[in-house]
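Have a look at structure-v6.cif; it's mmCIF, C-alpha atoms:
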data_start
#
loop_
_atom_site.group_PDB
_atom_site.id
_atom_site.type_symbol
_atom_site.label_atom_id
_atom_site.label_comp_id
_atom_site.auth_asym_id
_atom_site.auth_seq_id
_atom_site.Cartn_x
_atom_site.Cartn_y
_atom_site.Cartn_z
ATOM 1 C CA MET K 1 45.045 116.872 317.987
ATOM 2 C CA PRO K 2 45.240 118.222 314.410
ATOM 3 C CA HIS K 3 45.976 116.034 311.429
ATOM 4 C CA ILE K 4 49.732 116.326 310.825
ATOM 5 C CA ILE K 5 51.512 116.287 307.470
ATOM 6 C CA ALA K 6 55.223 116.102 308.297
ATOM 7 C CA ASN K 7 58.519 116.161 306.464
ATOM 8 C CA PRO K 8 60.299 112.788 306.138
ATOM 9 C CA PHE K 9 63.427 113.676 308.143
ATOM 10 C CA THR K 10 64.903 111.588 310.958
ATOM 11 C CA LEU K 11 64.488 114.238 313.660
ATOM 12 C CA THR K 12 60.840 114.741 312.705
ATOM 13 C CA GLU K 13 60.258 111.002 312.971
ATOM 14 C CA PHE K 14 61.806 111.114 316.447
ATOM 15 C CA LEU K 15 59.283 113.785 317.469
ATOM 16 C CA LEU K 16 56.333 111.964 315.923
ATOM 17 C CA ASP K 17 57.226 108.767 317.778
ATOM 18 C CA SER K 18 56.433 110.550 321.040
ATOM 19 C CA LEU K 19 52.727 110.720 320.152
ATOM 20 C CA PRO K 20 50.308 108.156 321.590
ATOM 21 C CA PRO K 21 49.309 105.489 319.011
ATOM 22 C CA GLU K 22 45.800 106.892 318.569
ATOM 23 C CA GLU K 23 47.254 110.333 317.711
ATOM 24 C CA ARG K 24 50.044 108.934 315.533
ATOM 25 C CA ALA K 25 47.284 107.415 313.368
ATOM 26 C CA GLY K 26 46.456 110.946 312.177
ATOM 27 C CA VAL K 27 49.979 111.594 310.871
ATOM 28 C CA LEU K 28 50.968 111.566 307.194
ATOM 29 C CA VAL K 29 54.659 111.597 306.284
ATOM 30 C CA HIS K 30 55.265 113.633 303.144
ATOM 31 C CA PRO K 31 57.054 111.590 300.437
ATOM 32 C CA LYS K 32 60.733 112.191 299.839
ATOM 33 C CA ARG K 33 61.774 114.088 296.731
ATOM 34 C CA ILE K 34 61.675 112.116 293.473
ATOM 35 C CA LYS K 35 64.549 112.902 291.121
ATOM 36 C CA GLY K 36 64.182 113.166 287.359
ATOM 37 C CA VAL K 37 63.834 115.988 284.836
ATOM 38 C CA ALA K 38 60.495 114.858 283.405
ATOM 39 C CA TYR K 39 58.926 114.428 286.833
ATOM 40 C CA SER K 40 60.258 117.806 288.034
ATOM 41 C CA LEU K 41 58.829 119.604 284.995
ATOM 42 C CA LEU K 42 55.419 117.958 285.367
ATOM 43 C CA LYS K 43 55.391 118.653 289.091
ATOM 44 C CA ALA K 44 56.169 122.338 288.501
ATOM 45 C CA LEU K 45 53.386 122.522 285.924
ATOM 46 C CA ASP K 46 50.972 120.801 288.311
ATOM 47 C CA ALA K 47 51.932 123.165 291.134
ATOM 48 C CA TRP K 48 51.160 126.291 289.159
ATOM 49 C CA CYS K 49 47.989 125.029 287.472
ATOM 50 C CA PRO K 50 44.792 126.130 289.251
ATOM 51 C CA PHE K 51 43.465 122.573 288.847
ATOM 52 C CA ARG K 52 45.017 119.116 289.129
ATOM 53 C CA LEU K 53 47.094 118.200 286.091
ATOM 54 C CA PRO K 54 45.182 115.439 284.219
ATOM 55 C CA GLY K 55 47.021 112.122 284.033
ATOM 56 C CA PHE K 56 49.819 113.182 286.407
ATOM 57 C CA ARG K 57 50.212 111.772 289.920
ATOM 58 C CA PRO K 58 52.563 114.080 291.890
ATOM 59 C CA PHE K 59 52.828 111.735 294.907
ATOM 60 C CA PRO K 60 51.967 108.068 295.642
ATOM 61 C CA ALA K 61 48.285 107.229 295.246
ATOM 62 C CA ALA K 62 47.833 106.112 298.868
ATOM 63 C CA TYR K 63 49.234 109.430 300.112
ATOM 64 C CA LEU K 64 46.962 111.487 297.855
ATOM 65 C CA GLN K 65 43.944 109.432 298.941
ATOM 66 C CA ALA K 66 44.841 110.015 302.606
ATOM 67 C CA LEU K 67 45.058 113.773 301.984
ATOM 68 C CA GLN K 68 41.612 113.798 300.395
ATOM 69 C CA ALA K 69 40.191 111.743 303.273
ATOM 70 C CA ILE K 70 40.939 114.476 305.832
ATOM 71 C CA PRO K 71 37.542 115.963 306.798
ATOM 72 C CA ALA K 72 36.581 119.320 305.330
ATOM 73 C CA GLN K 73 36.527 121.134 308.695
ATOM 74 C CA ALA K 74 39.480 119.356 310.330
ATOM 75 C CA PRO K 75 42.546 121.352 311.509
ATOM 76 C CA VAL K 76 45.768 120.395 309.706
ATOM 77 C CA LEU K 77 49.371 121.105 310.707
ATOM 78 C CA ILE K 78 51.926 121.011 307.900
ATOM 79 C CA PHE K 79 55.169 120.499 309.784
ATOM 80 C CA GLY K 80 58.510 121.542 308.302
ATOM 81 C CA ILE K 81 57.541 121.358 304.603
ATOM 82 C CA GLU K 82 58.628 124.590 302.929
ATOM 83 C CA ASN K 83 58.853 123.747 299.209
ATOM 84 C CA ILE K 84 56.394 126.037 297.428
ATOM 85 C CA LYS K 85 55.573 123.525 294.666
ATOM 86 C CA ASP K 86 54.782 120.786 297.183
ATOM 87 C CA LEU K 87 52.645 123.132 299.273
ATOM 88 C CA ARG K 88 50.639 124.334 296.264
ATOM 89 C CA ILE K 89 49.911 120.721 295.325
ATOM 90 C CA LEU K 90 48.956 119.800 298.884
ATOM 91 C CA ARG K 91 46.452 122.647 298.965
ATOM 92 C CA LYS K 92 44.678 121.207 295.908
ATOM 93 C CA TYR K 93 44.165 117.818 297.583
ATOM 94 C CA LEU K 94 43.127 119.070 301.023
ATOM 95 C CA ARG K 95 39.418 119.827 301.427
ATOM 96 C CA THR K 96 39.878 121.644 304.717
ATOM 97 C CA ARG K 97 40.815 125.313 304.909
ATOM 98 C CA ARG K 98 41.968 125.186 308.528
ATOM 99 C CA ILE K 99 45.640 124.729 307.699
ATOM 100 C CA ALA K 100 48.720 125.781 309.690
ATOM 101 C CA LEU K 101 52.252 125.678 308.326
ATOM 102 C CA PHE K 102 55.134 125.528 310.806
ATOM 103 C CA THR K 103 58.453 126.556 309.226
ATOM 104 C CA TRP K 104 61.224 124.750 311.083
ATOM 105 C CA ASN K 105 64.111 126.779 309.680
ATOM 106 C CA PRO K 106 64.942 130.470 309.778
ATOM 107 C CA VAL K 107 63.812 132.059 306.518
ATOM 108 C CA ILE K 108 67.397 132.863 305.561
ATOM 109 C CA ASP K 109 68.305 129.175 305.843
ATOM 110 C CA TYR K 110 66.406 128.191 302.711
ATOM 111 C CA GLN K 111 66.745 131.417 300.703
ATOM 112 C CA GLN K 112 70.089 133.243 300.979
ATOM 113 C CA ASN K 113 69.405 135.937 298.388
ATOM 114 C CA HIS K 114 67.375 138.821 299.823
ATOM 115 C CA GLN K 115 65.215 139.389 296.730
ATOM 116 C CA VAL K 116 64.537 135.683 296.238
ATOM 117 C CA ARG K 117 63.769 135.390 299.952
ATOM 118 C CA GLN K 118 61.184 138.159 299.719
ATOM 119 C CA LEU K 119 59.580 136.453 296.702
ATOM 120 C CA HIS K 120 59.561 133.105 298.500
ATOM 121 C CA MET K 121 57.789 134.586 301.514
ATOM 122 C CA GLN K 122 55.293 136.385 299.277
ATOM 123 C CA GLN K 123 54.434 133.079 297.584
ATOM 124 C CA LEU K 124 54.318 131.244 300.917
ATOM 125 C CA LYS K 125 51.898 133.745 302.420
ATOM 126 C CA GLY K 126 49.873 133.705 299.206
ATOM 127 C CA LEU K 127 48.898 130.092 299.906
ATOM 128 C CA GLY K 128 46.445 131.334 302.530
ATOM 129 C CA PHE K 129 47.777 129.103 305.301
ATOM 130 C CA HIS K 130 48.313 130.285 308.877
ATOM 131 C CA ILE K 131 52.131 130.433 308.971
ATOM 132 C CA PHE K 132 53.994 129.886 312.238
ATOM 133 C CA THR K 133 57.681 130.305 313.073
ATOM 134 C CA PHE K 134 59.851 129.825 316.155
ATOM 135 C CA ASP K 135 62.073 132.779 315.209
ATOM 136 C CA PRO K 136 61.024 136.179 316.686
ATOM 137 C CA ASP K 137 62.904 138.198 314.056
ATOM 138 C CA ASP K 138 61.268 136.278 311.184
ATOM 139 C CA ALA K 139 57.865 136.708 312.819
ATOM 140 C CA GLN K 140 58.327 140.478 312.990
ATOM 141 C CA ARG K 141 60.017 140.895 309.618
ATOM 142 C CA TYR K 142 57.595 138.790 307.559
ATOM 143 C CA GLY K 143 54.370 139.027 309.567
ATOM 144 C CA LEU K 144 54.329 135.393 310.708
ATOM 145 C CA THR K 145 52.816 134.009 313.912
ATOM 146 C CA LEU K 146 55.365 133.293 316.629
ATOM 147 C CA THR K 147 55.236 130.007 318.519
ATOM 148 C CA GLN K 148 57.681 127.966 320.602
ATOM 149 C CA GLN K 149 60.506 125.857 319.267
ATOM 150 C CA VAL K 150 59.630 122.183 319.667
ATOM 151 C CA TYR K 151 61.267 118.977 320.873
ATOM 152 C CA ARG K 152 59.908 115.990 322.834
ATOM 153 C CA SER K 153 60.055 114.079 326.097
ATOM 154 C CA VAL K 154 63.183 111.910 326.295
ATOM 155 C CA GLU K 155 62.607 110.042 329.560
ATOM 156 C CA SER K 156 63.181 106.658 327.877
ATOM 157 C CA PHE K 157 66.356 107.874 326.126
ATOM 158 C CA ARG K 158 68.129 109.776 328.890
ATOM 159 C CA GLN K 159 70.881 107.785 330.630
ATOM 160 C CA ALA K 160 73.274 108.750 333.422
ATOM 161 C CA LEU K 161 76.501 107.599 331.733
ATOM 162 C CA PRO K 162 80.102 108.506 332.621
ATOM 163 C CA ALA K 163 81.100 111.708 330.827
ATOM 164 C CA GLU K 164 83.503 111.034 327.953
ATOM 165 C CA TRP K 165 83.247 114.568 326.592
ATOM 166 C CA ASP K 166 83.130 117.976 328.195
ATOM 167 C CA ILE K 167 81.694 119.751 325.137
ATOM 168 C CA TYR K 168 79.754 118.220 322.234
ATOM 169 C CA PHE K 169 78.640 119.718 318.917
ATOM 170 C CA LEU K 170 76.973 118.101 315.907
ATOM 171 C CA GLY K 171 75.817 120.016 312.862
ATOM 172 C CA GLN K 172 76.354 121.060 309.280
ATOM 173 C CA ASP K 173 78.997 123.641 308.415
ATOM 174 C CA LYS K 174 76.660 126.462 307.275
ATOM 175 C CA ASN K 175 79.610 128.860 307.480
ATOM 176 C CA ARG K 176 80.359 127.886 311.078
ATOM 177 C CA PHE K 177 83.647 126.029 310.609
ATOM 178 C CA ASP K 178 85.908 128.998 311.356
ATOM 179 C CA THR K 179 84.077 129.616 314.635
ATOM 180 C CA LEU K 180 84.161 125.925 315.585
ATOM 181 C CA ARG K 181 87.860 125.705 314.734
ATOM 182 C CA ALA K 182 88.719 128.788 316.800
ATOM 183 C CA LEU K 183 86.798 127.430 319.806
ATOM 184 C CA ALA K 184 88.414 124.012 319.571
ATOM 185 C CA LEU K 185 91.901 125.535 319.414
ATOM 186 C CA GLN K 186 91.033 127.755 322.380
ATOM 187 C CA TRP K 187 89.666 124.904 324.502
ATOM 188 C CA GLN K 188 92.250 122.215 323.764
ATOM 189 C CA PRO K 189 95.019 123.874 325.880
ATOM 190 C CA LEU K 190 92.557 124.047 328.791
ATOM 191 C CA GLY K 191 92.403 120.262 328.816
ATOM 192 C CA LEU K 192 88.726 120.236 327.806
ATOM 193 C CA ARG K 193 87.563 117.146 325.946
ATOM 194 C CA THR K 194 85.763 118.393 322.851
ATOM 195 C CA CYS K 195 83.722 116.293 320.463
ATOM 196 C CA ILE K 196 82.936 118.648 317.593
ATOM 197 C CA ARG K 197 81.440 116.789 314.646
ATOM 198 C CA MET K 198 80.689 118.805 311.541
ATOM 199 C CA VAL K 199 79.050 117.750 308.276
ATOM 200 C CA PRO K 200 80.925 119.532 305.449
ATOM 201 C CA GLU K 201 79.495 121.558 302.607
ATOM 202 C CA PRO K 202 79.692 119.640 299.290
ATOM 203 C CA GLY K 203 82.994 120.156 297.486
ATOM 204 C CA LYS K 204 84.566 122.208 300.278
ATOM 205 C CA SER K 205 87.835 121.235 301.979
ATOM 206 C CA TYR K 206 88.804 121.949 305.591
ATOM 207 C CA PRO K 207 92.136 122.118 307.424
ATOM 208 C CA ALA K 208 92.777 119.406 310.000
ATOM 209 C CA THR K 209 91.956 120.755 313.453
ATOM 210 C CA PRO K 210 92.439 118.988 316.810
ATOM 211 C CA GLY K 211 89.056 118.501 318.443
ATOM 212 C CA VAL K 212 87.065 118.960 315.216
ATOM 213 C CA GLU K 213 85.932 115.929 313.224
ATOM 214 C CA VAL K 214 84.713 116.523 309.670
ATOM 215 C CA LEU K 215 82.241 113.719 309.032
ATOM 216 C CA PRO K 216 81.884 112.027 305.640
ATOM 217 C CA ARG K 217 78.101 112.059 306.143
ATOM 218 C CA SER K 218 75.442 112.770 308.746
ATOM 219 C CA ILE K 219 75.172 110.326 311.632
ATOM 220 C CA GLY K 220 71.961 108.719 312.869
ATOM 221 C CA TYR K 221 69.970 110.459 315.560
ATOM 222 C CA THR K 222 70.316 107.516 317.960
ATOM 223 C CA ASP K 223 74.111 107.903 317.696
ATOM 224 C CA ASN K 224 73.676 111.602 318.454
ATOM 225 C CA ILE K 225 71.627 110.763 321.556
ATOM 226 C CA ASP K 226 74.291 108.341 322.736
ATOM 227 C CA THR K 227 76.946 111.071 322.552
ATOM 228 C CA ILE K 228 74.643 113.572 324.285
ATOM 229 C CA ASN K 229 74.288 111.109 327.165
ATOM 230 C CA ARG K 230 78.074 110.834 327.359
ATOM 231 C CA SER K 231 78.694 114.610 327.380
ATOM 232 C CA ARG K 232 78.648 117.216 330.130
ATOM 233 C CA CYS K 233 77.700 120.161 327.946
ATOM 234 C CA LEU K 234 76.362 120.810 324.442
ATOM 235 C CA LEU K 235 77.584 123.535 322.097
ATOM 236 C CA GLU K 236 75.418 125.468 319.670
ATOM 237 C CA ILE K 237 76.517 128.090 317.183
ATOM 238 C CA THR K 238 73.495 129.748 315.643
ATOM 239 C CA GLN K 239 73.561 131.102 312.133
ATOM 240 C CA ALA K 240 73.646 134.806 311.389
ATOM 241 C CA ASN K 241 70.223 136.468 311.675
ATOM 242 C CA GLN K 242 68.737 133.618 313.742
ATOM 243 C CA SER K 243 67.054 134.760 316.937
ATOM 244 C CA GLY K 244 64.849 131.879 318.078
ATOM 245 C CA LEU K 245 65.694 128.947 320.304
ATOM 246 C CA THR K 246 67.308 126.033 318.496
ATOM 247 C CA VAL K 247 66.663 122.316 318.757
ATOM 248 C CA ARG K 248 70.154 122.010 320.240
ATOM 249 C CA CYS K 249 69.107 124.257 323.129
ATOM 250 C CA LEU K 250 66.057 122.079 323.786
ATOM 251 C CA GLU K 251 68.174 118.936 323.536
ATOM 252 C CA ALA K 252 70.300 120.319 326.348
ATOM 253 C CA LEU K 253 67.255 121.165 328.461
ATOM 254 C CA PHE K 254 65.421 117.871 327.941
ATOM 255 C CA PHE K 255 68.579 115.760 328.430
ATOM 256 C CA HIS K 256 69.584 117.753 331.534
ATOM 257 C CA LYS K 257 72.818 119.082 330.004
ATOM 258 C CA LYS K 258 74.492 122.459 330.132
ATOM 259 C CA LEU K 259 74.729 124.604 327.004
ATOM 260 C CA ILE K 260 77.409 126.835 325.528
ATOM 261 C CA THR K 261 75.809 129.136 322.959
ATOM 262 C CA ASN K 262 76.231 132.349 321.020
ATOM 263 C CA ASN K 263 72.464 132.920 321.162
ATOM 264 C CA THR K 264 71.865 135.702 323.678
ATOM 265 C CA SER K 265 68.099 135.059 323.659
ATOM 266 C CA VAL K 266 68.625 132.243 326.192
ATOM 267 C CA CYS K 267 69.135 134.993 328.787
ATOM 268 C CA THR K 268 65.440 135.882 328.472
ATOM 269 C CA LEU K 269 64.213 132.363 329.276
ATOM 270 C CA PRO K 270 62.293 132.104 332.559
ATOM 271 C CA PHE K 271 64.588 129.262 333.637
ATOM 272 C CA TYR K 272 67.856 130.958 332.600
ATOM 273 C CA SER K 273 70.750 130.419 334.992
ATOM 274 C CA PRO K 274 74.458 131.270 334.515
ATOM 275 C CA ASP K 275 75.149 127.745 335.771
ATOM 276 C CA ARG K 276 73.029 126.288 332.954
ATOM 277 C CA PHE K 277 73.905 128.562 330.011
ATOM 278 C CA PHE K 278 77.320 129.947 329.033
ATOM 279 C CA VAL K 279 76.886 132.727 326.455
ATOM 280 C CA LEU K 280 79.850 133.231 324.125
ATOM 281 C CA GLY K 281 80.811 136.876 323.773
ATOM 282 C CA LYS K 282 79.019 137.732 326.999
ATOM 283 C CA ASP K 283 80.427 135.456 329.695
ATOM 284 C CA ASP K 284 84.078 135.511 330.739
ATOM 285 C CA ASN K 285 85.999 132.718 328.985
ATOM 286 C CA ALA K 286 88.088 132.238 332.118
ATOM 287 C CA ARG K 287 84.912 131.102 333.875
ATOM 288 C CA LEU K 288 84.283 128.200 331.496
ATOM 289 C CA PRO K 289 85.989 125.435 333.559
ATOM 290 C CA ALA K 290 84.081 126.565 336.673
ATOM 291 C CA PHE K 291 80.863 126.678 334.649
ATOM 292 C CA LEU K 292 81.343 123.080 333.530
ATOM 293 C CA SER K 293 82.095 121.923 337.076
ATOM 294 C CA ALA K 294 79.199 123.710 338.808
ATOM 295 C CA PRO K 295 76.079 121.669 339.674
ATOM 296 C CA LEU K 296 73.289 121.838 337.109
ATOM 297 C CA PRO K 297 70.292 123.758 338.518
ATOM 298 C CA ALA K 298 66.966 121.915 338.577
ATOM 299 C CA LEU K 299 64.247 123.128 336.241
ATOM 300 C CA PRO K 300 60.909 124.257 337.706
ATOM 301 C CA PRO K 301 58.149 121.626 337.411
ATOM 302 C CA GLY K 302 56.460 121.781 334.013
ATOM 303 C CA ALA K 303 59.004 124.228 332.569
ATOM 304 C CA LEU K 304 59.493 122.203 329.377
ATOM 305 C CA ALA K 305 55.843 121.289 328.776
ATOM 306 C CA PRO K 306 55.226 124.072 326.190
ATOM 307 C CA TYR K 307 58.097 122.707 324.063
ATOM 308 C CA ASP K 308 57.049 119.042 324.178
ATOM 309 C CA PHE K 309 55.701 117.919 320.783
ATOM 310 C CA ALA K 310 52.589 116.130 322.060
ATOM 311 C CA HIS K 311 51.573 119.246 324.037
ATOM 312 C CA TRP K 312 52.844 121.758 321.463
ATOM 313 C CA ALA K 313 50.837 120.321 318.543
ATOM 314 C CA ARG K 314 47.507 120.785 320.331
ATOM 315 C CA GLN K 315 47.664 124.569 319.884
ATOM 316 C CA PHE K 316 46.734 124.001 316.222
ATOM 317 C CA ASP K 317 43.374 122.457 317.147
ATOM 318 C CA ARG K 318 42.001 125.999 317.434
ATOM 319 C CA LEU K 319 42.756 127.126 313.882
ATOM 320 C CA PRO K 320 40.156 129.403 312.267
ATOM 321 C CA LEU K 321 39.228 129.074 308.615
ATOM 322 C CA GLN K 322 41.640 130.580 306.103
ATOM 323 C CA ALA K 323 40.923 134.056 304.918
ATOM 324 C CA SER K 324 41.112 132.968 301.288
#

Take the structure from the file and write it as structure tokens.
Amino acid sequence: MPHIIANPFTLTEFLLDSLPPEERAGVLVHPKRIKGVAYSLLKALDAWCPFRLPGFRPFPAAYLQALQAIPAQAPVLIFGIENIKDLRILRKYLRTRRIALFTWNPVIDYQQNHQVRQLHMQQLKGLGFHIFTFDPDDAQRYGLTLTQQVYRSVESFRQALPAEWDIYFLGQDKNRFDTLRALALQWQPLGLRTCIRMVPEPGKSYPATPGVEVLPRSIGYTDNIDTINRSRCLLEITQANQSGLTVRCLEALFFHKKLITNNTSVCTLPFYSPDRFFVLGKDDNARLPAFLSAPLPALPPGALAPYDFAHWARQFDRLPLQAS
């Protein structure tokens, strides 16, 4: 198992918790962002200096010491950290040059402007890391290495509870509100019980819509799991220019739920079934009630193993040395 340097987000913590204790010992959680003008300026200066900035400590001392303690030939997986300044600083404290970076968002998600996006990718690739993505289009467009999307085993979390909801969605707006609103208004007359929870964009207002709840803030992941267990089917609306499998798709698979999606790539999965996946824009809307009522097909044994975090992370044990 490689040493793992992971972002500090709740979902990442949920994945990391699936590791055995002896493997979890090799995990470092990257510190959350520190606010402040002076710190930000010094951090930027440190990031772009070819040597460590004297007298400045960019992250807590214990974290920096742990980075330096990673053996010089050890493989390292940097998981979901995509800030260029942070990555440049990490590189200065790591002795090893067997480093993989897994980007857990489509490239367009963290750089909307095309020119800035190209510059960001140029800087990212200039770090000399082996860069992996779950998105086939990003892999082809930017010359990244394609790997699977990742989730984790949920045997201890999955419960057979009475269904309170037919269709469940949780996510940030990201320009998806109009689509979510149209679907809710379409499904309400069919008598479908929709639980569509959306986190708004800052400063943006939304019209009241039956079946769509605009949350004041994100909810905890354990609350999300509880609603998944109480739902028959999950809904995902991928962003424009996203081609890879989403975490929502894997949530549906691991929790034994059906999925309604606008991502046509699910049709290429080896375990695709029209009784498991309903593809918006492809499948007949009149078939939706029958789709929800049909039995859920069983997955082949071992079908989800490549997507399970504990199994997935081991692919990075075989990293070669960096070219630079």

For segment 173-258 of chain K versus segment 136-142 of chain K, which residues have an atom no more than 10 Å away, and what is each residue's nearest atom pair and distance in Å rounded to one decimal, using all atoms listed in the file, chain-then-number order, as a Markdown table?
| residue | atom | partner | partner_atom | distance |
| --- | --- | --- | --- | --- |
| K:Asn241 | CA | K:Asp137 | CA | 7.9 |
| K:Gln242 | CA | K:Asp137 | CA | 7.4 |
| K:Ser243 | CA | K:Asp137 | CA | 6.1 |
| K:Gly244 | CA | K:Pro136 | CA | 5.9 |
| K:Leu245 | CA | K:Pro136 | CA | 9.3 |

File of the preceding selection, C-alpha atoms, as a CSV table (one decimal), in the frame of the given file:
chain,number,residue,atom,x,y,z
K,241,ASN,CA,70.2,136.5,311.7
K,242,GLN,CA,68.7,133.6,313.7
K,243,SER,CA,67.1,134.8,316.9
K,244,GLY,CA,64.8,131.9,318.1
K,245,LEU,CA,65.7,128.9,320.3

**Report entry** Nearby residues (only C-alpha atoms) at most 6 Å from segment 76-85 of chain K, same-chain spacing under 3 positions excluded, as a list of chain:residue names
**Finding:** K:Pro2, K:His3, K:Ile4, K:Ile5, K:Ala6, K:Asn7, K:Ala47, K:Arg88, K:Ile99, K:Ala100, K:Leu101, K:Phe102, K:Thr103, K:Trp104

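Residue selection for this entry, given the PyMOL selection byres ((chain K and resi 8-12) around 8), comprises Ala6, Asn7, Glu13, Phe14, Leu15, Leu16, Val29, His30, Pro31, Lys32, Gly220 and Tyr221 of chain K.
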
**Report entry** Polymer residues at most 12 Å from Gly55 of chain K, all atoms listed in the file, same-chain spacing of 4 or more positions, as a count of residues only
**Finding:** 3

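Using only C-alpha atoms, every residue with an atom at most 10 Å from the point (38.7, 120.7, 312.9) is listed here: K:Met1, K:Pro2, K:His3, K:Ile70, K:Pro71, K:Ala72, K:Gln73, K:Ala74, K:Pro75, K:Val76, K:Thr96, K:Arg97, K:Arg98, K:Ile99, K:Phe316, K:Asp317, K:Arg318, K:Leu319, K:Pro320, K:Leu321.
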
Query raised in the report: Excluding same-chain residues fewer than 5 positions from Arg181 of chain K, what lies within 10 Å of it counting all atoms listed in the file, as an MDAnalysis selection string?
Result: chainID K and resid 176 186:187 196 206:212

Query raised in the report: What's the 8 Å shell around Leu304 of chain K, counting all atoms listed in the file, without same-chain residues fewer than 3 positions away, as a count of residues only?
Result: 4

Requested in this report: Step by step, work through what the PyMOL selection byres ((chain K and resi 169) around 7) selects in the shown file, and finish by giving those residues as a VMD selection string.
Outcome: chain K and resid 167 to 168 170 to 171 195 to 197 234 to 236

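Put simply, the PyMOL selection byres ((chain K and resi 52) around 12) on this file hits Leu42, Lys43, Ala44, Leu45, Asp46, Ala47, Trp48, Cys49, Pro50, Phe51, Leu53, Pro54, Gly55, Phe56, Arg57, Pro58, Leu64, Arg88, Ile89, Leu90, Arg91, Lys92 and Tyr93 of chain K.
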
Report task. For the point (54.2, 133.2, 315.5) in the file's frame, write as JSON, numbers by chain all residues with an atom no more than 7 Å away, counting all atoms listed in the file. Result -> {"K": [132, 133, 134, 139, 144, 145, 146, 147]}

Any idea what's packed within 12 Å of segment 263-273 of chain K, counting only C-alpha atoms, ignoring anything in its chain fewer than 5 positions away? Could you give it as a PDB file with C-alpha atoms, in the frame of the given file?
ATOM      1  CA  ASP K 135      62.073 132.779 315.209  1.00  0.00           C
ATOM      2  CA  PRO K 136      61.024 136.179 316.686  1.00  0.00           C
ATOM      3  CA  ASP K 137      62.904 138.198 314.056  1.00  0.00           C
ATOM      4  CA  GLN K 148      57.681 127.966 320.602  1.00  0.00           C
ATOM      5  CA  LEU K 235      77.584 123.535 322.097  1.00  0.00           C
ATOM      6  CA  GLU K 236      75.418 125.468 319.670  1.00  0.00           C
ATOM      7  CA  ILE K 237      76.517 128.090 317.183  1.00  0.00           C
ATOM      8  CA  THR K 238      73.495 129.748 315.643  1.00  0.00           C
ATOM      9  CA  GLN K 239      73.561 131.102 312.133  1.00  0.00           C
ATOM     10  CA  ALA K 240      73.646 134.806 311.389  1.00  0.00           C
ATOM     11  CA  ASN K 241      70.223 136.468 311.675  1.00  0.00           C
ATOM     12  CA  GLN K 242      68.737 133.618 313.742  1.00  0.00           C
ATOM     13  CA  SER K 243      67.054 134.760 316.937  1.00  0.00           C
ATOM     14  CA  GLY K 244      64.849 131.879 318.078  1.00  0.00           C
ATOM     15  CA  LEU K 245      65.694 128.947 320.304  1.00  0.00           C
ATOM     16  CA  THR K 246      67.308 126.033 318.496  1.00  0.00           C
ATOM     17  CA  ARG K 248      70.154 122.010 320.240  1.00  0.00           C
ATOM     18  CA  CYS K 249      69.107 124.257 323.129  1.00  0.00           C
ATOM     19  CA  LEU K 250      66.057 122.079 323.786  1.00  0.00           C
ATOM     20  CA  LEU K 253      67.255 121.165 328.461  1.00  0.00           C
ATOM     21  CA  LYS K 258      74.492 122.459 330.132  1.00  0.00           C
ATOM     22  CA  PHE K 278      77.320 129.947 329.033  1.00  0.00           C
ATOM     23  CA  VAL K 279      76.886 132.727 326.455  1.00  0.00           C
ATOM     24  CA  LEU K 280      79.850 133.231 324.125  1.00  0.00           C
ATOM     25  CA  GLY K 281      80.811 136.876 323.773  1.00  0.00           C
ATOM     26  CA  LYS K 282      79.019 137.732 326.999  1.00  0.00           C
ATOM     27  CA  ASP K 283      80.427 135.456 329.695  1.00  0.00           C
ATOM     28  CA  PHE K 291      80.863 126.678 334.649  1.00  0.00           C
ATOM     29  CA  ALA K 294      79.199 123.710 338.808  1.00  0.00           C
ATOM     30  CA  PRO K 295      76.079 121.669 339.674  1.00  0.00           C
ATOM     31  CA  LEU K 296      73.289 121.838 337.109  1.00  0.00           C
ATOM     32  CA  PRO K 297      70.292 123.758 338.518  1.00  0.00           C
ATOM     33  CA  ALA K 298      66.966 121.915 338.577  1.00  0.00           C
ATOM     34  CA  LEU K 299      64.247 123.128 336.241  1.00  0.00           C
ATOM     35  CA  PRO K 300      60.909 124.257 337.706  1.00  0.00           C
ATOM     36  CA  PRO K 301      58.149 121.626 337.411  1.00  0.00           C
ATOM     37  CA  GLY K 302      56.460 121.781 334.013  1.00  0.00           C
ATOM     38  CA  ALA K 303      59.004 124.228 332.569  1.00  0.00           C
ATOM     39  CA  LEU K 304      59.493 122.203 329.377  1.00  0.00           C
TER      40      LEU K 304
END

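Relative to atom CA of Phe177 of chain K, atom CA of Ser205 of chain K is found at 10.7 Å.
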
**Report entry** Interatomic distance (Å, one decimal) between atom CA of Glu201 of chain K and atom CA of Lys174 of chain K
**Finding:** 7.3 Å

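Across K:Val150, K:Leu185, K:Thr227, K:Ala160, the tightest approach to Val247 of chain K is made by K:Val150 when counting only C-alpha atoms.
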
Report summary line: Using all atoms listed in the file, the shortest atom-to-atom distance to Gln123 of chain K among K:Val214, K:Leu87, K:Leu19, K:Val37 belongs to K:Leu87

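Counting from atom CA of Asn175 of chain K, the distance to atom CA of Pro202 of chain K is 12.3 Å.
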
Query - Nearest to His256 of chain K, chosen from K:Gln118, K:Asn105, K:Thr222, K:Gln159, with all atoms listed in the file counted in the distances - result: K:Gln159
